[in-house]
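Peer 1: Before we start, here is the structure in question, set down as structure tokens.
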Amino acid sequence: MKVPDNTKISQNRRGFLKYTSVAGAGALTALSGCVGGFSGDGTASSLTVSSFGGAFKEILEAELYEPFEEETGISIESQAQGGTAEIIPRIRSAVENGNAPVDVLTVPVPGVLRGLNSDLWMTHEESEFENLEFISDDLMKYDDDGNLVGIGSQAWLINLVHNTEETDNGPTSWTSLWDSTYEDQMAMMTPPVTGYMPDIAAAIHFDGADSLQSESDIRDVFEKLSEVTPQAQMWYTNEANFQSSLENGETPMGMLYNDITLVLQDQGAPVESTFVDEGSVLGSGRWVSPRTSENGTAITQFIDYASRPAVQDRVSRNLYTVPTIEEQHSELDAETYQRVAGPGLDSAIVPNFDMYVERQEFINQLWNELIIDS
Amino acid sequence: MSQIILDAVEKVYPGGVHAVKDASLVVEDGEFVTIVGPSGCGKTTTLRTLAGFEQPTSGTVGLGGIEVSGVPPNERATGMVFQDFALFPHMTVGENIAFGLTVGGDWPEDEVDTRIEEMLELVELSGFRDRMPDQLSGGQQQRIALARALAPEPEVLLLDEPLASLDKQLRESMQVELRRIQEQIGITTILVTHNQTEALTMSDRIAVMNDGRFEQVGAPTEVYQQPATKFVADFIGTANVFDGTVRNVSDSRVTVDCDGVEFEAAAPDYVAVGDSVTVVTRPEHTVVEPGDTRTNVFEGDVSVSRFLGDHHECHVTLPSGSDVVGVVDSDGPTVSGGDRVSLGVDAKDCLVVVE
Amino acid sequence: MSDGRETTRSSTGEYARLETKRGSGRDRLYQLLLNSYTSLVIGFVLLPLVVISLMSFTPSEFLRFPPEGLSLRWYREFFDSRAWLVAMQNSLFIAIAAAVGATSIGATAAFALDRYDYRFEMVLTGLSILPILLPPVIIGVAFVTLFGLLGVGGEPWTLAVAHSIFFSPFPFVLVSQGLGDIDRSYEEAAADLGAAKATVIRRITVPLLRANLFAGALFAFILSLNEYIISWLISGFSFKTIPIQIFTSLRYSYSPVIAAVSLLFIVMTVVVMLMVDRFAGGMWK
Amino acid sequence: MAHEAQTEPATDSGRLPPIKYLVVSYPAIALVTLFAVPLLLLFVFSFFRNISGGYLRYVVTAENYVRFLQEPLYLDRLVFSLRIAAVTTLGSLVLGYPLAYRLATTDSSLLRRAVMVLVVSSLWLTFIIRGYAWAVLLRSNGLFPILAAELGLTDAPVSLVPGYWALVVSMVYVFLPFMVLTLYTSIKNVDHELREAARNLGAGPITTFRHVTLPLTKDGIISGSLLVFVLSMGVYVLPRILGNPPQWTLAVVIGNQVTVESNVPFGATLSIILMLVVVALIAVTVRLAGVDTFGVSATEEGEQG
């Protein structure tokens, strides 16, 4: 069994040595010797980068990490991470212990905000980057003191999708979530911090983000939102659940990322993604780094590389996410741009990210009642 | 000097069970003594006290002239054979025998090997050295257990019901074998058993134990012929027991009235008229249809008659309701169930026991 | 070992059997019903394992049943994947440490409780057994609080510690049984032959308990290997065991590589169980 | 027969107090510091206040418990957990008893050992793999929905995942081995001569079962059911893989509180409540039925050898 060097394993070894002394089990000393064989050199010439898994990770590896490795000689250890909601507590616990399990990770906005609240992120000097000027201003994230902490990595749109063999005309409007003709046919995303369904409800039936300011307004929105539950055939956290049942038509339609749907299409699945009339939901990720990471220079190099318009375009062409550079810098042809971004980002629904962070417990409580009672 | 001394040993378990009461016994060097008694009489506890598995509540235990109370089992020079042999199942015969030679560390290493062979020879199982215990028959296991116990040259040998798990034939041949080996090495030995035949046939002396006490200690013949108590009489051999009251004491005779049957018996010098005593007769002295040759004659109804090869044994119910076992001489009459017969026993064969 | 029918036949004889022929026909019917029903249940137990095994050899990207052919593609993918291999190593190291930890804790507790009297025996017995009875998620949360407070949250060794505690009831129960079954006279014989207490334990007690200790350690090993929720709750950001890796993968796709890993795990589990069966001297003879 | 002395254990305990405490210190310290203390911490944490972002305020407050009582969601999940545990217990008993009975009474050592190794092996296999297998089997292109459609039970293959029955099937599957093993031991302990005696006295197979085997294995049934019930109460993975949110158990909600919401105090509160329910169940069953469950016996008697 040949295993490449790995800094994480050496951490693992330290853990075992520690355990040895704790448990006083002499046999483990021999064990740690075995682990030693796998320990990495831990030099700064390698970066651990974490992203979403599955196709996302594979395409990033091929289109971003590998070219970066070739150009800079810095090797990248690629990792898949769980859902946003689950990774932040782990990063926090590592940072509080002075560890950096990862150097760079791509985190959706609510996660970036939660991390900011816990002071997890490394701050960057803008002057050390060359390509930040191309990145859309909306996709940069600063802390309260104005220091740069997050740089746009990808943007994605949540669309309505359907299986073309099951229905000729998929739903085109978010109102279909409330439409009883679709009873027990739709897949819906959970938790709210990834599916942003309260924002959809607010946009369709209320005054948009303004309707999500007070607890009583939010309750009203959830009241309306509870009417979607009859249409839900499945609530998914794992894309894989919906992906496979969408492909074979078990669940004929639902909410899904435009990018994933296009990847499925490429693989020959009978699925189609529809940019929603009232605007698709725009989510986006930021490159952030735990402040405990000691590879600052390499991190800057990596993020800068990922921010190049050519690189952003290349990733978008393959991953179908929306480039984080402003449209005028993108060299994607109109058709491709239309495929990944539809009518453009301006018409998309931008979720009230702050709400999910500030009222986390309240929102989750309402949400759990809503989906569990469904 | 491998004397064993028990002096006023008491054992009370934490739960309050009084297992051994004021037990005193001296076993001389090279002597074979059997402690015999019914289950739960305290005999095994006594043996385990000697081995060091139990600590006496009070009293002293001496082995080879040394007071050993408080000395752990592994530091006592005792060799023990357990009821189920306790051969270590994960070791070969050789390893089992070697165990006691090597764990103490006081046996010269180069002699261990010869000693194993010597012991195997002693128990006549040379060539079994590499077998595992579960490949041995019961009798072989017994011999190996003995060899293992004797290998480290203990001063005393303790046998805890060693023959109980063998079948009857094997048991009898092992009785002889055990005694042979014991005499050959001349080791001081205590055997614990509930089998009185075993006790009678094997021992130099017998210690009869009942309810935590030694009731009688003596040579087998003595204990059999002169039981000190009713319990001993009943437990050692078969006995006909008649409770009664002394009516008359004269010269060397007493007359005892037992529920309507009068016995004349040899008079111990300690009985007086009016004493409650027990008259004990052995079946072999209690003869069916004796004619006029016996001192005491009484009648009863035969309930069962059994043929035992050299004689008939007769169970007879007396009018008082008590059962008596007697024998029919080889030239005596044929009797069968329901017959009314007379029984006779000589005065010299009637023992008077006072409780 | 004789069976009920056998005995009845031989003891009732030929004529009796003819007379009760109707009854024995009914007997056979019941037996047939029982056999069919239990065969279905065995099928129920077996089916998912078989399906997973077949799936792992599918040549295609998507799981289809029945598979369209045979391919080792997903096994190759497993052995080519750093993520899976690292997860496998992590799992194995945690499991070995857990086996050592759980067995040392469980066996020592069992020994102490069997051989000595303590005032708080019931408390120690309870603590020795309770871990396996409480929902693992609770144990997980409890460890999150402890390790969080100690500032060691997310360190890989904390998983080994947690598993050592969580699985210690298995060696505890097995060794307790073993101690109960050992004839004390073996140890007394050894002491009588001059072995000191420590020697008796080393040369007699432990060897006689070998099967129990071994089975206990193997149980802890295989359980740790398969444990998910505690590991997930207390593991750090990037530390993954095989179950965590599977769960994470399930998030993004139902890749047949998961079936391949599953079959590897099934094989490992069965092999270990056969070892337990063998070392414990055929528990189910 | 038996050594008289063995009725009174640990006769030499009085002589060796230091060793006795030395031996017990290792497991006792490990179990207390690494098991009892964390459980205690759980209790302490349940009275803390969570601040968004996963920080704690070390104040003593009962608000977490108030929240549990006030929001119907959590009580509802507890009731659901109890309900699904009951269904699982019943299911595994119905499937498990006949199997255990056959294994315990068969002459075929091969059958017994093969099935036992299978049952025990599947027992140790992670819930995730077994849940995954059932997800594969119950999807619309899986074996069972296709079979159902072929047999005409449904018009087209209907996916059963995610859903209530998928969860029930997988839970019965996962806990069946516990039931079988407990019942196997229990049935095995019934002397087969007792069954033969009943038959010999004229009882038919059904009567023999009802009046001999069943009453004598009552304790096994209670132990097995309690074990399965208690373990089912803690199930976390299966509802996640095979259930929709309405099939989430309290354990899932607890897991979410800790991992997703970083609300350890409320997670701890729910854990304490779940723990109390489980411990109460065990205590009540052990007390009422007086069975020897998991080695914890209501009576002080040891095993019968």
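So you can find residues: chains in the structure tokens are A, B, ... in the order shown, residues in each start at 1, and ligands are numbered from 1 in order.
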According to DSSP computed on the backbone, where in segment 66-288 of chain D is there alpha helix (DSSP H)? Give the residues as a PyMOL selection string.
Peer 2: chain D and resi 66-70+72-105+109-124+127-138+143-150+164-188+192-200+205-208+214-216+218-233+237-242+250-259+264-288
Peer 1: Find the residues around Ser262 of chain C up to 8 Å (only C-alpha atoms counted), leave out those fewer than 5 positions away in its own chain, and share them as an mmCIF file with all heavy atoms, in the first residue's frame.
Peer 2:
data_model
loop_
_atom_site.group_PDB
_atom_site.id
_atom_site.type_symbol
_atom_site.label_atom_id
_atom_site.label_comp_id
_atom_site.auth_asym_id
_atom_site.auth_seq_id
_atom_site.Cartn_x
_atom_site.Cartn_y
_atom_site.Cartn_z
ATOM 1 N N ILE C 52 -25.028 -5.638 -1.939
ATOM 2 C CA ILE C 52 -23.878 -4.737 -1.856
ATOM 3 C C ILE C 52 -22.671 -5.369 -2.552
ATOM 4 O O ILE C 52 -21.962 -4.710 -3.325
ATOM 5 C CB ILE C 52 -23.523 -4.471 -0.381
ATOM 6 C CG1 ILE C 52 -24.545 -3.547 0.239
ATOM 7 C CG2 ILE C 52 -22.144 -3.878 -0.253
ATOM 8 C CD1 ILE C 52 -24.418 -2.145 -0.249
ATOM 9 N N SER C 53 -22.473 -6.655 -2.292
ATOM 10 C CA SER C 53 -21.314 -7.322 -2.873
ATOM 11 C C SER C 53 -21.400 -7.291 -4.393
ATOM 12 O O SER C 53 -20.421 -6.982 -5.078
ATOM 13 C CB SER C 53 -21.242 -8.758 -2.383
ATOM 14 O OG SER C 53 -21.392 -8.785 -0.989
ATOM 15 N N ILE D 129 -23.322 1.200 6.327
ATOM 16 C CA ILE D 129 -23.277 0.283 5.190
ATOM 17 C C ILE D 129 -24.611 -0.444 5.050
ATOM 18 O O ILE D 129 -25.152 -0.587 3.959
ATOM 19 C CB ILE D 129 -22.118 -0.727 5.364
ATOM 20 C CG1 ILE D 129 -20.783 -0.003 5.196
ATOM 21 C CG2 ILE D 129 -22.249 -1.880 4.371
ATOM 22 C CD1 ILE D 129 -19.575 -0.882 5.394
#
Peer 1: Could you give me, as a list in words, the residues within 6 Å of segment 80-89 of chain D, counting only C-alpha atoms and dropping anything in the same chain fewer than 4 positions from it?
Peer 2: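 Counting only C-alpha atoms, the residues come to Val172, Ser225, Val228, Phe229, Ser232, Met233 and Thr249 of chain D.
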Peer 1: Taking only C-alpha atoms into account, which residues of chain B are within 7 Å of chain C, as a short mmCIF file (atom, residue, chain, number, x, y, z; two decimals) with C-alpha atoms, in the first residue's frame?
Peer 2:
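File result-v1.cif, as written:
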data_model
loop_
_atom_site.label_atom_id
_atom_site.label_comp_id
_atom_site.auth_asym_id
_atom_site.auth_seq_id
_atom_site.Cartn_x
_atom_site.Cartn_y
_atom_site.Cartn_z
CA ALA B 51 -3.04 -25.94 52.09
CA PRO B 73 -0.34 -21.46 49.80
CA ASN B 74 2.61 -21.10 47.45
CA GLU B 75 5.02 -20.89 50.34
CA THR B 78 2.09 -29.08 50.50
CA GLY B 79 1.20 -31.04 47.40
CA MET B 80 -2.49 -31.19 46.65
CA PHE B 82 -7.87 -31.76 43.54
CA ALA B 86 -7.25 -29.30 37.98
CA LEU B 87 -4.69 -30.23 35.36
CA PHE B 88 -3.90 -27.01 33.51
CA GLY B 100 5.70 -26.73 40.48
CA VAL B 103 7.59 -21.48 39.47
CA GLY B 104 9.24 -21.64 42.85
CA ALA B 149 1.61 -32.69 43.27
#
Peer 1: Define the interface residues of chain B facing chain D as those within 7 Å, counting only C-alpha atoms, and report them as a VMD selection string.
Peer 2: chain B and resid 40 44 to 45 54
Peer 1: Kindly save the residues from that selection, with N, CA and C atoms included, as a PDB file, in the first residue's frame.
Peer 2:
ATOM      1  N   GLY B  40     -20.399 -31.293  53.384  1.00  0.00           N
ATOM      2  CA  GLY B  40     -20.657 -30.111  54.190  1.00  0.00           C
ATOM      3  C   GLY B  40     -20.260 -30.260  55.636  1.00  0.00           C
ATOM      4  N   THR B  44     -13.409 -30.582  53.819  1.00  0.00           N
ATOM      5  CA  THR B  44     -12.648 -29.905  52.765  1.00  0.00           C
ATOM      6  C   THR B  44     -12.079 -28.588  53.274  1.00  0.00           C
ATOM      7  N   THR B  45     -12.863 -27.897  54.087  1.00  0.00           N
ATOM      8  CA  THR B  45     -12.363 -26.647  54.668  1.00  0.00           C
ATOM      9  C   THR B  45     -11.113 -26.920  55.495  1.00  0.00           C
ATOM     10  N   GLU B  54      -7.507 -21.308  52.990  1.00  0.00           N
ATOM     11  CA  GLU B  54      -8.374 -20.681  53.977  1.00  0.00           C
ATOM     12  C   GLU B  54      -7.519 -20.326  55.184  1.00  0.00           C
TER      13      GLU B  54
END
Peer 1: For segment 217-225 of chain C, find every residue with an atom within 6 Å (counting only C-alpha atoms), except residues of its own chain fewer than 6 positions away, and show them as number ranges by chain.
Peer 2: C: 91, 95-96, 99, 103, 167; D: 124
Peer 1: Can I get the selected residues back with C-alpha atoms, as a PDB file, in the first residue's frame?
Peer 2:
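See part07.pdb below for the written result:
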ATOM      1  CA  SER C  91      -9.991   3.540  11.172  1.00  0.00           C
ATOM      2  CA  ALA C  95      -9.716   0.373  16.211  1.00  0.00           C
ATOM      3  CA  ILE C  96      -6.448  -1.175  17.407  1.00  0.00           C
ATOM      4  CA  ALA C  99      -9.264  -2.786  21.255  1.00  0.00           C
ATOM      5  CA  THR C 103      -9.920  -4.730  26.728  1.00  0.00           C
ATOM      6  CA  PHE C 167     -16.733  -0.543  23.847  1.00  0.00           C
TER       7      PHE C 167
ATOM      8  CA  TRP D 124     -21.022  -5.547  13.815  1.00  0.00           C
TER       9      TRP D 124
END
Peer 1: For a quick test of understanding: name the residues of chain D lying within 6 Å of chain C when counting only C-alpha atoms, and present them as a ChimeraX atom specification.
Peer 2: /D:10,24,27,38-39,42,99,109,113,121,124,126,133,196,234,271
Peer 1: Run DSSP on the backbone and give me the residues of segment 148-259 of chain A it puts in strand (DSSP E), as a short mmCIF file (atom, residue, chain, number, x, y, z; two decimals) with all heavy atoms, in the first residue's frame.
Peer 2:
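selection_35.cif, written as the output of this step:
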data_model
loop_
_atom_site.label_atom_id
_atom_site.label_comp_id
_atom_site.auth_asym_id
_atom_site.auth_seq_id
_atom_site.Cartn_x
_atom_site.Cartn_y
_atom_site.Cartn_z
N LEU A 148 -9.58 42.33 4.93
CA LEU A 148 -10.10 41.34 4.00
C LEU A 148 -9.97 39.94 4.59
O LEU A 148 -8.90 39.54 5.04
CB LEU A 148 -9.29 41.42 2.68
CG LEU A 148 -9.65 40.40 1.61
CD1 LEU A 148 -11.08 40.61 1.13
CD2 LEU A 148 -8.67 40.50 0.45
N VAL A 149 -11.07 39.19 4.64
CA VAL A 149 -10.98 37.81 5.14
C VAL A 149 -11.43 36.78 4.10
O VAL A 149 -10.94 35.66 4.09
CB VAL A 149 -11.81 37.58 6.43
CG1 VAL A 149 -11.24 38.36 7.59
CG2 VAL A 149 -13.26 37.94 6.20
N GLY A 150 -12.36 37.16 3.22
CA GLY A 150 -12.87 36.17 2.27
C GLY A 150 -12.90 36.72 0.86
O GLY A 150 -13.24 37.88 0.63
N ILE A 151 -12.50 35.87 -0.08
CA ILE A 151 -12.47 36.27 -1.49
C ILE A 151 -13.37 35.31 -2.27
O ILE A 151 -13.28 34.08 -2.08
CB ILE A 151 -11.04 36.21 -2.05
CG1 ILE A 151 -10.16 37.23 -1.33
CG2 ILE A 151 -11.01 36.49 -3.55
CD1 ILE A 151 -9.25 36.64 -0.31
N GLY A 152 -14.20 35.82 -3.12
CA GLY A 152 -15.16 34.99 -3.85
C GLY A 152 -14.51 33.81 -4.56
O GLY A 152 -13.54 33.95 -5.29
N SER A 153 -15.03 32.63 -4.30
CA SER A 153 -14.47 31.43 -4.94
C SER A 153 -15.36 30.98 -6.09
O SER A 153 -14.90 30.81 -7.21
CB SER A 153 -14.31 30.31 -3.92
OG SER A 153 -15.53 30.07 -3.26
N GLN A 154 -16.61 30.75 -5.81
CA GLN A 154 -17.57 30.42 -6.85
C GLN A 154 -18.92 31.02 -6.45
O GLN A 154 -19.15 31.29 -5.29
CB GLN A 154 -17.80 28.90 -7.01
CG GLN A 154 -16.61 28.08 -7.41
CD GLN A 154 -15.83 27.62 -6.18
OE1 GLN A 154 -16.35 27.54 -5.08
NE2 GLN A 154 -14.55 27.33 -6.40
N ALA A 155 -19.76 31.18 -7.43
CA ALA A 155 -21.15 31.53 -7.13
C ALA A 155 -22.01 30.46 -7.79
O ALA A 155 -21.60 29.84 -8.76
CB ALA A 155 -21.49 32.90 -7.68
N TRP A 156 -23.14 30.22 -7.20
CA TRP A 156 -24.01 29.19 -7.77
C TRP A 156 -25.46 29.60 -7.63
O TRP A 156 -25.81 30.43 -6.79
CB TRP A 156 -23.78 27.84 -7.09
CG TRP A 156 -23.84 27.92 -5.59
CD1 TRP A 156 -24.95 27.94 -4.83
CD2 TRP A 156 -22.73 28.01 -4.70
NE1 TRP A 156 -24.62 28.05 -3.52
CE2 TRP A 156 -23.27 28.07 -3.39
CE3 TRP A 156 -21.34 28.02 -4.87
CZ2 TRP A 156 -22.46 28.17 -2.27
CZ3 TRP A 156 -20.55 28.11 -3.75
CH2 TRP A 156 -21.10 28.19 -2.46
N LEU A 157 -26.28 29.04 -8.48
CA LEU A 157 -27.69 29.40 -8.49
C LEU A 157 -28.53 28.17 -8.17
O LEU A 157 -28.27 27.08 -8.69
CB LEU A 157 -28.07 29.93 -9.87
CG LEU A 157 -27.43 31.28 -10.21
CD1 LEU A 157 -27.48 31.54 -11.70
CD2 LEU A 157 -28.12 32.41 -9.45
N ILE A 158 -29.51 28.38 -7.30
CA ILE A 158 -30.45 27.29 -7.03
C ILE A 158 -31.62 27.47 -7.97
O ILE A 158 -32.30 28.50 -7.96
CB ILE A 158 -30.92 27.31 -5.57
CG1 ILE A 158 -29.72 27.14 -4.63
CG2 ILE A 158 -31.95 26.21 -5.32
CD1 ILE A 158 -30.06 27.31 -3.17
N ASN A 159 -31.84 26.46 -8.81
CA ASN A 159 -32.89 26.52 -9.81
C ASN A 159 -33.99 25.53 -9.51
O ASN A 159 -33.88 24.73 -8.58
CB ASN A 159 -32.31 26.17 -11.19
CG ASN A 159 -31.68 27.38 -11.85
OD1 ASN A 159 -31.65 28.46 -11.28
ND2 ASN A 159 -31.20 27.18 -13.07
N LEU A 160 -35.01 25.58 -10.32
CA LEU A 160 -36.00 24.51 -10.33
C LEU A 160 -35.59 23.54 -11.43
O LEU A 160 -35.26 23.96 -12.54
CB LEU A 160 -37.40 25.07 -10.59
CG LEU A 160 -38.05 25.75 -9.38
CD1 LEU A 160 -39.29 26.52 -9.81
CD2 LEU A 160 -38.39 24.74 -8.30
N VAL A 161 -35.55 22.27 -11.12
CA VAL A 161 -35.11 21.31 -12.13
C VAL A 161 -36.17 20.24 -12.27
O VAL A 161 -37.02 20.07 -11.39
CB VAL A 161 -33.76 20.66 -11.73
CG1 VAL A 161 -32.70 21.72 -11.57
CG2 VAL A 161 -33.91 19.84 -10.47
N HIS A 162 -36.12 19.52 -13.37
CA HIS A 162 -37.08 18.42 -13.53
C HIS A 162 -36.50 17.33 -14.42
O HIS A 162 -35.54 17.54 -15.16
CB HIS A 162 -38.41 18.92 -14.09
CG HIS A 162 -38.31 19.45 -15.49
ND1 HIS A 162 -37.92 20.75 -15.75
CD2 HIS A 162 -38.55 18.86 -16.69
CE1 HIS A 162 -37.92 20.94 -17.07
NE2 HIS A 162 -38.29 19.80 -17.65
N ASN A 163 -37.10 16.18 -14.33
CA ASN A 163 -36.73 15.05 -15.16
C ASN A 163 -37.53 15.13 -16.44
O ASN A 163 -38.76 15.14 -16.42
CB ASN A 163 -37.04 13.74 -14.40
CG ASN A 163 -36.66 12.52 -15.22
OD1 ASN A 163 -37.05 12.37 -16.37
ND2 ASN A 163 -35.90 11.63 -14.60
N MET A 186 -42.08 17.07 -5.32
CA MET A 186 -40.91 17.92 -5.33
C MET A 186 -39.88 17.56 -4.28
O MET A 186 -40.21 17.07 -3.19
CB MET A 186 -41.33 19.37 -5.10
CG MET A 186 -42.09 19.95 -6.27
SD MET A 186 -42.04 21.71 -6.13
CE MET A 186 -42.45 22.16 -7.80
N ALA A 187 -38.63 17.82 -4.63
CA ALA A 187 -37.55 17.70 -3.66
C ALA A 187 -37.19 19.09 -3.18
O ALA A 187 -37.09 20.02 -3.98
CB ALA A 187 -36.34 17.04 -4.29
N MET A 188 -37.05 19.25 -1.89
CA MET A 188 -36.72 20.55 -1.34
C MET A 188 -35.50 20.44 -0.45
O MET A 188 -35.23 19.41 0.15
CB MET A 188 -37.90 21.12 -0.55
CG MET A 188 -39.15 21.24 -1.42
SD MET A 188 -40.51 22.03 -0.57
CE MET A 188 -41.85 21.74 -1.74
N MET A 189 -34.78 21.56 -0.38
CA MET A 189 -33.50 21.54 0.31
C MET A 189 -33.64 21.89 1.78
O MET A 189 -34.40 22.76 2.17
CB MET A 189 -32.57 22.59 -0.30
CG MET A 189 -31.81 22.14 -1.50
SD MET A 189 -30.63 23.47 -1.86
CE MET A 189 -30.13 23.00 -3.49
N ALA A 232 -43.76 18.56 -0.93
CA ALA A 232 -42.44 17.95 -0.74
C ALA A 232 -42.54 16.43 -0.71
O ALA A 232 -43.19 15.86 0.16
CB ALA A 232 -41.82 18.46 0.56
N GLN A 233 -41.91 15.81 -1.66
CA GLN A 233 -41.82 14.36 -1.61
C GLN A 233 -40.58 13.97 -0.82
O GLN A 233 -40.52 12.93 -0.19
CB GLN A 233 -41.72 13.78 -3.03
CG GLN A 233 -41.83 12.27 -3.07
CD GLN A 233 -41.09 11.68 -4.23
OE1 GLN A 233 -39.87 11.77 -4.33
NE2 GLN A 233 -41.82 11.09 -5.16
N MET A 234 -39.57 14.81 -0.88
CA MET A 234 -38.35 14.53 -0.15
C MET A 234 -37.71 15.83 0.29
O MET A 234 -37.77 16.84 -0.40
CB MET A 234 -37.40 13.71 -1.04
CG MET A 234 -36.15 14.44 -1.47
SD MET A 234 -35.13 13.55 -2.65
CE MET A 234 -34.75 12.08 -1.84
N TRP A 235 -37.14 15.77 1.49
CA TRP A 235 -36.33 16.88 1.98
C TRP A 235 -34.91 16.38 1.96
O TRP A 235 -34.59 15.39 2.61
CB TRP A 235 -36.70 17.26 3.39
CG TRP A 235 -38.05 17.90 3.53
CD1 TRP A 235 -39.21 17.26 3.85
CD2 TRP A 235 -38.37 19.27 3.36
NE1 TRP A 235 -40.24 18.16 3.89
CE2 TRP A 235 -39.76 19.41 3.58
CE3 TRP A 235 -37.63 20.41 3.02
CZ2 TRP A 235 -40.42 20.62 3.49
CZ3 TRP A 235 -38.28 21.63 2.94
CH2 TRP A 235 -39.67 21.73 3.18
N TYR A 236 -34.05 17.03 1.24
CA TYR A 236 -32.70 16.47 1.19
C TYR A 236 -31.65 17.43 1.71
O TYR A 236 -31.73 18.64 1.55
CB TYR A 236 -32.37 16.00 -0.22
CG TYR A 236 -32.15 17.10 -1.24
CD1 TYR A 236 -30.87 17.63 -1.46
CD2 TYR A 236 -33.20 17.58 -2.01
CE1 TYR A 236 -30.66 18.62 -2.40
CE2 TYR A 236 -33.00 18.58 -2.96
CZ TYR A 236 -31.74 19.10 -3.15
OH TYR A 236 -31.53 20.08 -4.07
N MET A 253 -39.17 16.40 -9.86
CA MET A 253 -38.72 17.80 -9.92
C MET A 253 -38.34 18.30 -8.54
O MET A 253 -38.57 17.65 -7.53
CB MET A 253 -39.84 18.68 -10.48
CG MET A 253 -41.10 18.63 -9.62
SD MET A 253 -42.52 19.37 -10.40
CE MET A 253 -42.88 18.20 -11.71
N GLY A 254 -37.73 19.49 -8.54
CA GLY A 254 -37.39 20.06 -7.25
C GLY A 254 -36.35 21.15 -7.37
O GLY A 254 -36.03 21.61 -8.48
N MET A 255 -35.85 21.56 -6.22
CA MET A 255 -34.82 22.60 -6.19
C MET A 255 -33.46 21.93 -6.28
O MET A 255 -33.19 20.97 -5.57
CB MET A 255 -34.86 23.35 -4.85
CG MET A 255 -36.18 23.96 -4.47
SD MET A 255 -36.18 24.36 -2.69
CE MET A 255 -34.86 25.57 -2.61
N LEU A 256 -32.60 22.47 -7.14
CA LEU A 256 -31.24 21.93 -7.19
C LEU A 256 -30.32 22.97 -7.80
O LEU A 256 -30.76 23.87 -8.52
CB LEU A 256 -31.21 20.63 -8.03
CG LEU A 256 -29.89 19.85 -8.03
CD1 LEU A 256 -29.53 19.36 -6.63
CD2 LEU A 256 -29.95 18.67 -9.00
N TYR A 257 -29.05 22.80 -7.51
CA TYR A 257 -28.07 23.73 -8.07
C TYR A 257 -28.02 23.60 -9.59
O TYR A 257 -28.03 22.48 -10.12
CB TYR A 257 -26.68 23.44 -7.50
CG TYR A 257 -26.61 23.62 -6.01
CD1 TYR A 257 -26.54 22.53 -5.16
CD2 TYR A 257 -26.65 24.90 -5.46
CE1 TYR A 257 -26.49 22.69 -3.79
CE2 TYR A 257 -26.60 25.07 -4.08
CZ TYR A 257 -26.52 23.97 -3.25
OH TYR A 257 -26.49 24.14 -1.90
#
Peer 1: So that I can check the surroundings of Arg131 of chain B, please list as a compact mmCIF listing (two decimals) with N, CA and C atoms, in the first residue's frame every protein, DNA and RNA residue that reaches within 9 Å of it, counting only C-alpha atoms and ignoring chain neighbours fewer than 6 positions away.
Peer 2:
# COMPACT_ATOMS: atom_id res chain seq x y z
N MET B 91 -1.61 -26.72 29.15
CA MET B 91 -0.23 -27.19 29.24
C MET B 91 -0.20 -28.70 29.01
N THR B 92 0.93 -29.19 28.50
CA THR B 92 1.07 -30.63 28.33
C THR B 92 1.26 -31.27 29.69
N VAL B 93 1.23 -32.60 29.68
CA VAL B 93 1.48 -33.36 30.91
C VAL B 93 2.82 -32.94 31.50
N GLY B 94 3.85 -32.91 30.65
CA GLY B 94 5.18 -32.54 31.11
C GLY B 94 5.20 -31.15 31.72
Peer 1: Please identify all polymer residues within 10 Å of Gly236 of chain C, counting only C-alpha atoms, omitting same-chain residues fewer than 5 positions from it, and present them as a PyMOL selection string.
Peer 2: (chain A and resi 87+89-94+101) or (chain C and resi 152-156+158-159+231)
Peer 1: Report as JSON lines: every residue of segment 167-213 of chain A with an atom at most 8 Å from segment 278-302 of chain A, its closest pair of atoms, and their distance in Å to one decimal, counting only C-alpha atoms, with rows sorted by chain and ascending residue number.
Peer 2:
{"residue": "A:Ser173", "atom": "CA", "partner": "A:Glu278", "partner_atom": "CA", "distance": 6.5}
{"residue": "A:Trp174", "atom": "CA", "partner": "A:Glu278", "partner_atom": "CA", "distance": 6.9}
{"residue": "A:Tyr196", "atom": "CA", "partner": "A:Val281", "partner_atom": "CA", "distance": 7.6}
{"residue": "A:Ile200", "atom": "CA", "partner": "A:Val281", "partner_atom": "CA", "distance": 7.6}
{"residue": "A:Ile204", "atom": "CA", "partner": "A:Glu278", "partner_atom": "CA", "distance": 7.5}
